[in-house]
Amino acid sequence: MKKVIIRKTEDLENWRRNIKSEINFIPTMGNLHNGHIKLISTAKNENSNINLVSIFINPLQFDNKLDLENYPKTIDNDIKIAFSNGADAIFIPSDEDIYPPNNKNIKFLKASIELSSALCGLNRIGHFDGVCTVVYRLINLIKPKNLYLGEKDWQQLLILKDLVLRKKLNVAIKSIPTQRDFDGIPLSSRNVNLSKNDRKLIRFFSSELLEAKKNFQQDKKINLNEITKKLSAKKITIEYLELLHPHTLQKASLEDNISLLAGAIRCGETRLIDHVFLMKRRPIIAIDGPAGSGKSTVTKLIAKKLKLLYLDTGAMYRALSWLILKENIDYKKEKNLQNILKDISIVFKPNTNSHQDVYVNNCCVTEEIRSQKISSIVSKISSIKEVRKFLVEEQRKIGESGGLVAEGRDIGTTVFPHAELKIFLTASIDERAKRRKSDKNSKDSQEIDLHTLKELIKIRDFEDSNREISPLIKANDAIEIITDGYSINEVVDKIIDLYNDKIPKESEIK
Ligand code: PAF
């Protein structure tokens, strides 16, 4: 495809009409650096869409005239950089193109009050309104499928995600972690304006934040006063230094697994921001839902794609049932049950088929626990209070350091109520019955007619949702996904998008 530079909005609209494939859009204000390059190359490598980079220094987002005048302008070099890193088209409009005088169709937007009343929003009045206005205008002109943004401007990223939701824009936001220079400072177009001394100060600031993150990984503690003292001792002017919830930007609470430590400092005329994420444990995804919703298949694939541990809680109830059957134990007698729970060890180990095996007291039972015999008693055993209590504790032990995706019926409500992402996966009774009927591995498909299968599913749903202990209910903060009409891969991709939306990429504990 011929690479093009477009300067007028009419030309952009004409070009857009002739483009048949989807568009990845990378908005910039020019002076492109490795951060922008990473955005462009990520877009290029992620799919076969057309990559459009815009270069527009948006006057509306500058609260200071001098700052606007001093903003670095390097357009010829930017064009070279964008094209050589994967841009197919570059849009370089003028102020009049984006904001035609007297054009009543231009919408001047307000950023979310909640999100813009924190951090940079407090000192840069109108800045985020300006960002929302220009990005909304550009999205409406370009109609991209994906919008690529950096996590460096985390507050901007949240505000633009909120804009997309509020305005129901049909675009997916993809973010990339903050890119840092050789000395650890975040890459920013404004860095070219830093004096040697400014650079030394920002390096100190960034290294303090990175150090705080490292220490937090060890002792789970953070002392803002200490950091403030160290910065002040270097005569660094701090505009803010805050520990916040990474999505609401409200003060972080003790329960938050991930928090945002964000700061802004002033060096001469230049203002610089940096942040790190502090994470107590790696993230947890909880997937609950009724039988036949596709939970197991989806959960296994997610574990593989996101390199998370797959915790099949159902297999743990089956493993215990297996041992009870094997030892021929009368589990209704409390003493017998206590004895077996005292000694049982259930362990998951990865196997050579890139799945995992289940071991009970060192004996591999992966296949055996799927037998009809086990299926017929597991529901009774899993409704015993002591069993539930014991296995929930075991599951929490496995999840102590996070990094897992767990499936079951009470994961989001009971086992991991603080999971970062909770999914309630379901499907209509018709769809679930059809799936069971067409499952070649299931005995049901041969022996039971569709109508009876539907009735059986209804009964099972009723029992699961109405049992006294850990009934199947959707957690308040779970996202319901009805899988009717969707392929497995579509559901997996949707959940991975939701995960990426919740978990900042740079928060990962290495
Ligand atoms: O992050 C930026 O460079 C700008 O705020 C953006 C998103 C290009 C809007 O002008």
# chains A, B, ... in the order shown; residues from 1 in each chain; ligands from 1
call {"tool": "residues_near_ligand", "arguments": {"ligand": "ligand 1", "cutoff": "7 Å", "atoms": "only C-alpha atoms and all ligand atoms", "output": "JSON, numbers by chain"}}
result
{"A": [27, 28, 29, 56, 57, 58, 131, 134, 135, 153]}
call {"tool": "residues_around", "arguments": {"residues": "segment 81-89 of chain A", "least_positions_apart": "5", "cutoff": "7 Å", "atoms": "only C-alpha atoms", "output": "list in words"}}
result
Lys3, Val4, Ile5, Ile37, Ile40, Ser41, Lys44, Ile50, Asn51, Leu52 and Val53 of chain A
call {"tool": "write_last_selection", "arguments": {"atoms": "C-alpha atoms", "output": "tab-separated table (two decimals), in the first residue's frame"}}
result
chain	number	residue	atom	x	y	z
A	3	LYS	CA	2.18	5.52	2.14
A	4	VAL	CA	0.33	8.82	2.33
A	5	ILE	CA	0.52	12.10	4.17
A	37	ILE	CA	7.74	3.98	18.05
A	40	ILE	CA	3.32	2.26	16.15
A	41	SER	CA	5.22	-1.03	16.04
A	44	LYS	CA	1.73	-2.97	13.21
A	50	ILE	CA	-3.90	0.02	8.41
A	51	ASN	CA	-1.84	2.17	10.79
A	52	LEU	CA	-2.61	5.85	10.89
A	53	VAL	CA	-0.49	8.21	12.98
call {"tool": "closest_atom_pairs", "arguments": {"of": "segment 354-448 of chain A", "to": "segment 308-327 of chain A", "cutoff": "10 Å", "atoms": "only C-alpha atoms", "output": "JSON lines"}}
result
{"residue": "A:His355", "atom": "CA", "partner": "A:Tyr310", "partner_atom": "CA", "distance": 9.1}
{"residue": "A:Gln356", "atom": "CA", "partner": "A:Tyr310", "partner_atom": "CA", "distance": 8.4}
{"residue": "A:Asp357", "atom": "CA", "partner": "A:Ala315", "partner_atom": "CA", "distance": 10.0}
{"residue": "A:Val358", "atom": "CA", "partner": "A:Ala315", "partner_atom": "CA", "distance": 7.6}
{"residue": "A:Tyr359", "atom": "CA", "partner": "A:Ala319", "partner_atom": "CA", "distance": 7.9}
{"residue": "A:Val360", "atom": "CA", "partner": "A:Ala319", "partner_atom": "CA", "distance": 6.5}
{"residue": "A:Asn361", "atom": "CA", "partner": "A:Leu323", "partner_atom": "CA", "distance": 9.1}
{"residue": "A:Cys364", "atom": "CA", "partner": "A:Ala319", "partner_atom": "CA", "distance": 9.9}
{"residue": "A:Val365", "atom": "CA", "partner": "A:Ala319", "partner_atom": "CA", "distance": 7.3}
{"residue": "A:Thr366", "atom": "CA", "partner": "A:Ala315", "partner_atom": "CA", "distance": 8.5}
{"residue": "A:Glu368", "atom": "CA", "partner": "A:Trp322", "partner_atom": "CA", "distance": 7.8}
{"residue": "A:Ile369", "atom": "CA", "partner": "A:Arg318", "partner_atom": "CA", "distance": 5.6}
{"residue": "A:Arg370", "atom": "CA", "partner": "A:Arg318", "partner_atom": "CA", "distance": 7.7}
{"residue": "A:Ser371", "atom": "CA", "partner": "A:Trp322", "partner_atom": "CA", "distance": 9.4}
{"residue": "A:Lys373", "atom": "CA", "partner": "A:Trp322", "partner_atom": "CA", "distance": 8.9}
{"residue": "A:Ile374", "atom": "CA", "partner": "A:Trp322", "partner_atom": "CA", "distance": 6.4}
{"residue": "A:Ser375", "atom": "CA", "partner": "A:Arg318", "partner_atom": "CA", "distance": 7.7}
{"residue": "A:Ser376", "atom": "CA", "partner": "A:Ser321", "partner_atom": "CA", "distance": 9.8}
{"residue": "A:Ile377", "atom": "CA", "partner": "A:Ser321", "partner_atom": "CA", "distance": 7.0}
{"residue": "A:Val378", "atom": "CA", "partner": "A:Arg318", "partner_atom": "CA", "distance": 5.8}
{"residue": "A:Ser379", "atom": "CA", "partner": "A:Tyr317", "partner_atom": "CA", "distance": 8.5}
{"residue": "A:Lys380", "atom": "CA", "partner": "A:Ser321", "partner_atom": "CA", "distance": 9.4}
{"residue": "A:Ile381", "atom": "CA", "partner": "A:Ser321", "partner_atom": "CA", "distance": 6.7}
{"residue": "A:Ser382", "atom": "CA", "partner": "A:Tyr317", "partner_atom": "CA", "distance": 6.1}
{"residue": "A:Ser383", "atom": "CA", "partner": "A:Tyr317", "partner_atom": "CA", "distance": 9.8}
{"residue": "A:Val387", "atom": "CA", "partner": "A:Tyr317", "partner_atom": "CA", "distance": 8.3}
{"residue": "A:Arg388", "atom": "CA", "partner": "A:Tyr317", "partner_atom": "CA", "distance": 8.6}
{"residue": "A:Leu391", "atom": "CA", "partner": "A:Met316", "partner_atom": "CA", "distance": 7.4}
{"residue": "A:Val392", "atom": "CA", "partner": "A:Thr313", "partner_atom": "CA", "distance": 8.7}
{"residue": "A:Glu394", "atom": "CA", "partner": "A:Met316", "partner_atom": "CA", "distance": 9.3}
{"residue": "A:Gln395", "atom": "CA", "partner": "A:Thr313", "partner_atom": "CA", "distance": 7.4}
{"residue": "A:Ile398", "atom": "CA", "partner": "A:Leu311", "partner_atom": "CA", "distance": 8.4}
{"residue": "A:Gly399", "atom": "CA", "partner": "A:Leu311", "partner_atom": "CA", "distance": 8.7}
{"residue": "A:Gly402", "atom": "CA", "partner": "A:Leu309", "partner_atom": "CA", "distance": 8.7}
{"residue": "A:Gly403", "atom": "CA", "partner": "A:Leu308", "partner_atom": "CA", "distance": 5.3}
{"residue": "A:Leu404", "atom": "CA", "partner": "A:Leu309", "partner_atom": "CA", "distance": 4.3}
{"residue": "A:Val405", "atom": "CA", "partner": "A:Tyr310", "partner_atom": "CA", "distance": 5.3}
{"residue": "A:Ala406", "atom": "CA", "partner": "A:Leu311", "partner_atom": "CA", "distance": 4.5}
{"residue": "A:Glu407", "atom": "CA", "partner": "A:Asp312", "partner_atom": "CA", "distance": 5.6}
{"residue": "A:Gly408", "atom": "CA", "partner": "A:Thr313", "partner_atom": "CA", "distance": 5.7}
{"residue": "A:Arg409", "atom": "CA", "partner": "A:Gly314", "partner_atom": "CA", "distance": 8.6}
{"residue": "A:Asp410", "atom": "CA", "partner": "A:Thr313", "partner_atom": "CA", "distance": 9.4}
{"residue": "A:Ile411", "atom": "CA", "partner": "A:Thr313", "partner_atom": "CA", "distance": 8.6}
{"residue": "A:Val415", "atom": "CA", "partner": "A:Thr313", "partner_atom": "CA", "distance": 9.8}
call {"tool": "closest_residue", "arguments": {"among": "A:Lys295, A:Lys307, A:Lys494, A:Lys20", "to": "Leu425 of chain A", "atoms": "only C-alpha atoms"}}
result
A:Lys295
call {"tool": "select_by_dssp", "arguments": {"residues": "segment 110-359 of chain A", "states": "strand (DSSP E or B)", "output": "ChimeraX atom specification"}}
result
/A:146-150,172-176,180,186,237-244,251,258-267,270-279,284-288,309-312,346-350,356-359
call {"tool": "write_last_selection", "arguments": {"atoms": "C-alpha atoms", "output": "JSON list (two decimals), in the first residue's frame"}}
result
[["chain", "number", "residue", "atom", "x", "y", "z"],
["A", 146, "ASN", "CA", -8.20, 0.40, 17.75],
["A", 147, "LEU", "CA", -6.73, 3.39, 19.54],
["A", 148, "TYR", "CA", -3.16, 3.02, 20.85],
["A", 149, "LEU", "CA", -2.11, 5.01, 23.90],
["A", 150, "GLY", "CA", 0.79, 4.93, 26.35],
["A", 172, "ALA", "CA", -10.95, -0.51, 21.48],
["A", 173, "ILE", "CA", -8.23, 1.17, 23.52],
["A", 174, "LYS", "CA", -4.91, -0.66, 23.60],
["A", 175, "SER", "CA", -2.18, 0.52, 25.92],
["A", 176, "ILE", "CA", 1.54, -0.03, 26.14],
["A", 180, "ARG", "CA", 12.03, 4.57, 29.76],
["A", 186, "PRO", "CA", 10.14, 8.04, 31.20],
["A", 237, "THR", "CA", 9.73, 20.86, 43.76],
["A", 238, "ILE", "CA", 6.99, 18.32, 44.19],
["A", 239, "GLU", "CA", 3.62, 19.20, 42.71],
["A", 240, "TYR", "CA", 2.05, 16.04, 44.00],
["A", 241, "LEU", "CA", 3.01, 12.59, 45.21],
["A", 242, "GLU", "CA", 0.05, 10.34, 45.83],
["A", 243, "LEU", "CA", -0.95, 6.77, 46.41],
["A", 244, "LEU", "CA", -4.25, 6.12, 44.63],
["A", 251, "LYS", "CA", -7.06, 7.49, 47.78],
["A", 258, "ILE", "CA", -2.76, -2.76, 43.05],
["A", 259, "SER", "CA", -2.18, 0.90, 43.81],
["A", 260, "LEU", "CA", -0.78, 3.76, 41.79],
["A", 261, "LEU", "CA", 2.12, 5.77, 43.17],
["A", 262, "ALA", "CA", 2.12, 8.89, 40.99],
["A", 263, "GLY", "CA", 4.10, 12.08, 41.19],
["A", 264, "ALA", "CA", 4.73, 15.34, 39.33],
["A", 265, "ILE", "CA", 7.75, 17.53, 39.83],
["A", 266, "ARG", "CA", 8.79, 20.84, 38.45],
["A", 267, "CYS", "CA", 12.27, 21.43, 37.04],
["A", 270, "THR", "CA", 9.39, 21.97, 32.78],
["A", 271, "ARG", "CA", 6.93, 19.81, 34.61],
["A", 272, "LEU", "CA", 7.44, 16.08, 34.62],
["A", 273, "ILE", "CA", 5.29, 13.19, 35.66],
["A", 274, "ASP", "CA", 6.13, 9.62, 36.52],
["A", 275, "HIS", "CA", 4.43, 6.74, 38.28],
["A", 276, "VAL", "CA", 4.79, 3.13, 39.29],
["A", 277, "PHE", "CA", 2.24, 0.50, 40.25],
["A", 278, "LEU", "CA", 2.58, -1.29, 43.55],
["A", 279, "MET", "CA", 1.16, -4.79, 43.60],
["A", 284, "ILE", "CA", -6.34, -13.22, 40.06],
["A", 285, "ILE", "CA", -9.17, -13.88, 37.60],
["A", 286, "ALA", "CA", -12.29, -15.57, 38.99],
["A", 287, "ILE", "CA", -14.56, -17.34, 36.52],
["A", 288, "ASP", "CA", -17.88, -18.63, 37.85],
["A", 309, "LEU", "CA", -1.85, -20.89, 36.84],
["A", 310, "TYR", "CA", -5.10, -22.70, 36.10],
["A", 311, "LEU", "CA", -6.98, -23.54, 39.27],
["A", 312, "ASP", "CA", -9.74, -26.04, 38.60],
["A", 346, "ILE", "CA", -4.18, -32.31, 46.44],
["A", 347, "VAL", "CA", -1.57, -30.95, 44.05],
["A", 348, "PHE", "CA", -1.68, -29.74, 40.43],
["A", 349, "LYS", "CA", 1.41, -30.36, 38.30],
["A", 350, "PRO", "CA", 1.97, -29.33, 34.67],
["A", 356, "GLN", "CA", -1.95, -30.25, 34.22],
["A", 357, "ASP", "CA", -2.33, -33.42, 36.22],
["A", 358, "VAL", "CA", -4.11, -33.75, 39.55],
["A", 359, "TYR", "CA", -2.36, -35.69, 42.30]]
call {"tool": "select_by_dssp", "arguments": {"residues": "segment 245-434 of chain A", "states": "helix (DSSP H, G or I)", "output": "PyMOL selection string"}}
result
chain A and resi 295-306+313-326+334-343+368-370+372-381+385-398+411-415+429-434
call {"tool": "atom_distance", "arguments": {"atom1": "atom CA of Ser188 of chain A", "atom2": "atom CA of His36 of chain A"}}
result
9.3 Å
call {"tool": "residues_around", "arguments": {"residues": "Lys474 of chain A", "least_positions_apart": "5", "cutoff": "9 Å", "atoms": "only C-alpha atoms", "output": "ChimeraX atom specification"}}
result
/A:288-289,409-410,412-413,423-424,479-480
call {"tool": "write_last_selection", "arguments": {"atoms": "all heavy atoms", "output": "compact mmCIF listing (two decimals), in the first residue's frame"}}
result
# COMPACT_ATOMS: atom_id res chain seq x y z
N ASP A 288 -16.80 -17.81 37.31
CA ASP A 288 -17.88 -18.63 37.85
C ASP A 288 -18.95 -18.80 36.79
O ASP A 288 -19.04 -18.01 35.85
CB ASP A 288 -18.49 -17.95 39.08
CG ASP A 288 -17.54 -17.98 40.27
OD1 ASP A 288 -17.13 -19.08 40.66
OD2 ASP A 288 -17.20 -16.90 40.79
N GLY A 289 -19.75 -19.81 37.01
CA GLY A 289 -20.87 -19.99 36.08
C GLY A 289 -21.43 -21.38 36.16
O GLY A 289 -20.82 -22.28 36.76
N ARG A 409 -17.80 -22.24 41.14
CA ARG A 409 -19.14 -21.67 41.31
C ARG A 409 -19.17 -20.59 42.39
O ARG A 409 -20.11 -19.85 42.52
CB ARG A 409 -20.13 -22.78 41.66
CG ARG A 409 -20.42 -23.67 40.48
CD ARG A 409 -21.47 -24.70 40.81
NE ARG A 409 -21.93 -25.38 39.61
CZ ARG A 409 -21.23 -26.26 38.93
NH1 ARG A 409 -20.03 -26.58 39.32
NH2 ARG A 409 -21.74 -26.82 37.84
N ASP A 410 -18.10 -20.56 43.23
CA ASP A 410 -18.08 -19.58 44.32
C ASP A 410 -16.75 -18.85 44.38
O ASP A 410 -16.33 -18.40 45.42
CB ASP A 410 -18.35 -20.30 45.65
CG ASP A 410 -17.29 -21.36 45.97
OD1 ASP A 410 -16.52 -21.71 45.06
OD2 ASP A 410 -17.23 -21.83 47.12
N GLY A 412 -15.66 -15.95 42.81
CA GLY A 412 -15.74 -14.49 42.98
C GLY A 412 -16.46 -14.08 44.26
O GLY A 412 -16.23 -12.99 44.78
N THR A 413 -17.34 -14.96 44.77
CA THR A 413 -18.10 -14.59 45.97
C THR A 413 -17.39 -15.03 47.24
O THR A 413 -17.39 -14.32 48.24
CB THR A 413 -19.49 -15.25 45.94
OG1 THR A 413 -19.32 -16.62 45.60
CG2 THR A 413 -20.42 -14.57 44.96
N ILE A 423 -15.59 -12.88 36.35
CA ILE A 423 -16.44 -13.12 35.18
C ILE A 423 -17.52 -14.11 35.60
O ILE A 423 -17.24 -15.11 36.27
CB ILE A 423 -15.62 -13.74 34.03
CG1 ILE A 423 -14.46 -12.82 33.62
CG2 ILE A 423 -16.50 -14.09 32.83
CD1 ILE A 423 -14.84 -11.54 32.94
N PHE A 424 -18.73 -13.84 35.20
CA PHE A 424 -19.81 -14.81 35.38
C PHE A 424 -20.19 -15.27 33.98
O PHE A 424 -20.78 -14.54 33.20
CB PHE A 424 -21.00 -14.16 36.10
CG PHE A 424 -22.00 -15.17 36.57
CD1 PHE A 424 -21.78 -15.89 37.74
CD2 PHE A 424 -23.16 -15.41 35.85
CE1 PHE A 424 -22.70 -16.83 38.18
CE2 PHE A 424 -24.08 -16.34 36.28
CZ PHE A 424 -23.85 -17.06 37.45
N ILE A 479 -18.55 -9.43 35.89
CA ILE A 479 -19.06 -9.04 34.57
C ILE A 479 -19.70 -10.28 33.95
O ILE A 479 -19.04 -11.33 33.83
CB ILE A 479 -17.91 -8.53 33.67
CG1 ILE A 479 -17.29 -7.28 34.33
CG2 ILE A 479 -18.38 -8.23 32.25
CD1 ILE A 479 -15.99 -6.85 33.73
N GLU A 480 -20.96 -10.17 33.59
CA GLU A 480 -21.65 -11.34 33.03
C GLU A 480 -21.40 -11.42 31.53
O GLU A 480 -21.53 -10.44 30.81
CB GLU A 480 -23.15 -11.21 33.31
CG GLU A 480 -23.91 -12.39 32.77
CD GLU A 480 -25.32 -12.49 33.35
OE1 GLU A 480 -25.58 -11.95 34.43
OE2 GLU A 480 -26.15 -13.13 32.68
call {"tool": "residues_around", "arguments": {"residues": "Ser112 of chain A", "least_positions_apart": "6", "cutoff": "9 Å", "atoms": "only C-alpha atoms", "output": "list in words"}}
result
Phe128, Asp129, Ile159, Asp162 and Leu163 of chain A
call {"tool": "closest_residue", "arguments": {"among": "A:Ile142, A:Leu60, A:Cys363, A:Leu158", "to": "Arg124 of chain A", "atoms": "only C-alpha atoms"}}
result
A:Leu60
call {"tool": "residues_around", "arguments": {"residues": "segment 429-434 of chain A", "least_positions_apart": "4", "cutoff": "7 Å", "atoms": "only C-alpha atoms", "output": "VMD selection string"}}
result
chain A and resid 292 to 293 438 450 453 to 454 457 484
call {"tool": "write_last_selection", "arguments": {"atoms": "N, CA and C atoms", "output": "mmCIF file, in the first residue's frame"}}
result
data_model
loop_
_atom_site.group_PDB
_atom_site.id
_atom_site.type_symbol
_atom_site.label_atom_id
_atom_site.label_comp_id
_atom_site.auth_asym_id
_atom_site.auth_seq_id
_atom_site.Cartn_x
_atom_site.Cartn_y
_atom_site.Cartn_z
ATOM 1 N N GLY A 292 -21.892 -26.263 31.763
ATOM 2 C CA GLY A 292 -22.200 -26.145 30.341
ATOM 3 C C GLY A 292 -22.026 -24.741 29.787
ATOM 4 N N SER A 293 -21.483 -23.838 30.601
ATOM 5 C CA SER A 293 -21.323 -22.467 30.094
ATOM 6 C C SER A 293 -20.019 -22.319 29.301
ATOM 7 N N SER A 438 -24.163 -32.142 21.543
ATOM 8 C CA SER A 438 -23.188 -32.311 20.452
ATOM 9 C C SER A 438 -21.788 -32.646 20.966
ATOM 10 N N LEU A 450 -32.889 -34.125 23.765
ATOM 11 C CA LEU A 450 -32.662 -32.702 24.026
ATOM 12 C C LEU A 450 -33.607 -32.146 25.095
ATOM 13 N N LEU A 453 -32.542 -33.262 28.478
ATOM 14 C CA LEU A 453 -31.311 -32.564 28.867
ATOM 15 C C LEU A 453 -31.627 -31.178 29.426
ATOM 16 N N LYS A 454 -32.562 -30.477 28.750
ATOM 17 C CA LYS A 454 -32.937 -29.126 29.205
ATOM 18 C C LYS A 454 -33.522 -29.193 30.604
ATOM 19 N N ILE A 457 -30.774 -29.746 33.133
ATOM 20 C CA ILE A 457 -29.977 -28.524 33.351
ATOM 21 C C ILE A 457 -30.734 -27.575 34.281
ATOM 22 N N ASP A 484 -23.948 -17.419 24.305
ATOM 23 C CA ASP A 484 -24.762 -17.861 23.153
ATOM 24 C C ASP A 484 -24.263 -17.179 21.876
#
call {"tool": "residues_around", "arguments": {"residues": "Gln217 of chain A", "least_positions_apart": "5", "cutoff": "12 Å", "atoms": "only C-alpha atoms", "output": "PyMOL selection string"}}
result
chain A and resi 210-212+222+257-258+277-282+401+507-510
call {"tool": "write_last_selection", "arguments": {"atoms": "N, CA and C atoms", "output": "PDB file, in the first residue's frame"}}
result
ATOM      1  N   LEU A 210      10.987   3.950  41.358  1.00  0.00           N
ATOM      2  CA  LEU A 210      11.296   2.553  41.000  1.00  0.00           C
ATOM      3  C   LEU A 210      11.820   1.787  42.221  1.00  0.00           C
ATOM      4  N   GLU A 211      12.568   2.499  43.053  1.00  0.00           N
ATOM      5  CA  GLU A 211      13.087   1.899  44.285  1.00  0.00           C
ATOM      6  C   GLU A 211      11.922   1.550  45.234  1.00  0.00           C
ATOM      7  N   ALA A 212      10.964   2.482  45.313  1.00  0.00           N
ATOM      8  CA  ALA A 212       9.798   2.256  46.185  1.00  0.00           C
ATOM      9  C   ALA A 212       9.050   1.003  45.722  1.00  0.00           C
ATOM     10  N   ILE A 222       4.914   1.128  52.080  1.00  0.00           N
ATOM     11  CA  ILE A 222       5.324   2.322  51.348  1.00  0.00           C
ATOM     12  C   ILE A 222       5.262   3.507  52.308  1.00  0.00           C
ATOM     13  N   ASN A 257      -5.259  -4.389  45.946  1.00  0.00           N
ATOM     14  CA  ASN A 257      -4.078  -5.193  45.629  1.00  0.00           C
ATOM     15  C   ASN A 257      -3.100  -4.381  44.796  1.00  0.00           C
ATOM     16  N   ILE A 258      -3.647  -3.588  43.873  1.00  0.00           N
ATOM     17  CA  ILE A 258      -2.762  -2.759  43.047  1.00  0.00           C
ATOM     18  C   ILE A 258      -3.022  -1.297  43.397  1.00  0.00           C
ATOM     19  N   PHE A 277       3.340   1.224  39.623  1.00  0.00           N
ATOM     20  CA  PHE A 277       2.238   0.504  40.247  1.00  0.00           C
ATOM     21  C   PHE A 277       2.808  -0.403  41.322  1.00  0.00           C
ATOM     22  N   LEU A 278       2.139  -0.418  42.470  1.00  0.00           N
ATOM     23  CA  LEU A 278       2.575  -1.290  43.550  1.00  0.00           C
ATOM     24  C   LEU A 278       1.577  -2.433  43.635  1.00  0.00           C
ATOM     25  N   MET A 279       2.084  -3.640  43.608  1.00  0.00           N
ATOM     26  CA  MET A 279       1.165  -4.786  43.598  1.00  0.00           C
ATOM     27  C   MET A 279       1.539  -5.741  44.731  1.00  0.00           C
ATOM     28  N   LYS A 280       0.528  -6.079  45.556  1.00  0.00           N
ATOM     29  CA  LYS A 280       0.813  -6.965  46.697  1.00  0.00           C
ATOM     30  C   LYS A 280       1.040  -8.390  46.234  1.00  0.00           C
ATOM     31  N   ARG A 281       0.202  -8.821  45.314  1.00  0.00           N
ATOM     32  CA  ARG A 281       0.374 -10.158  44.732  1.00  0.00           C
ATOM     33  C   ARG A 281       0.000 -10.064  43.258  1.00  0.00           C
ATOM     34  N   ARG A 282       0.353 -11.092  42.488  1.00  0.00           N
ATOM     35  CA  ARG A 282       0.004 -11.064  41.066  1.00  0.00           C
ATOM     36  C   ARG A 282      -1.519 -11.159  40.932  1.00  0.00           C
ATOM     37  N   SER A 401      -0.052 -15.974  46.377  1.00  0.00           N
ATOM     38  CA  SER A 401       0.772 -14.995  45.652  1.00  0.00           C
ATOM     39  C   SER A 401       0.167 -14.650  44.303  1.00  0.00           C
ATOM     40  N   SER A 507       2.435  -3.133  35.752  1.00  0.00           N
ATOM     41  CA  SER A 507       2.340  -3.500  37.164  1.00  0.00           C
ATOM     42  C   SER A 507       2.845  -4.915  37.406  1.00  0.00           C
ATOM     43  N   GLU A 508       3.061  -5.668  36.334  1.00  0.00           N
ATOM     44  CA  GLU A 508       3.481  -7.061  36.496  1.00  0.00           C
ATOM     45  C   GLU A 508       4.703  -7.186  37.397  1.00  0.00           C
ATOM     46  N   ILE A 509       4.636  -8.144  38.330  1.00  0.00           N
ATOM     47  CA  ILE A 509       5.790  -8.404  39.199  1.00  0.00           C
ATOM     48  C   ILE A 509       6.720  -9.343  38.447  1.00  0.00           C
ATOM     49  N   LYS A 510       7.955  -8.899  38.251  1.00  0.00           N
ATOM     50  CA  LYS A 510       8.885  -9.730  37.465  1.00  0.00           C
ATOM     51  C   LYS A 510       9.457 -10.839  38.339  1.00  0.00           C
TER      52      LYS A 510
END
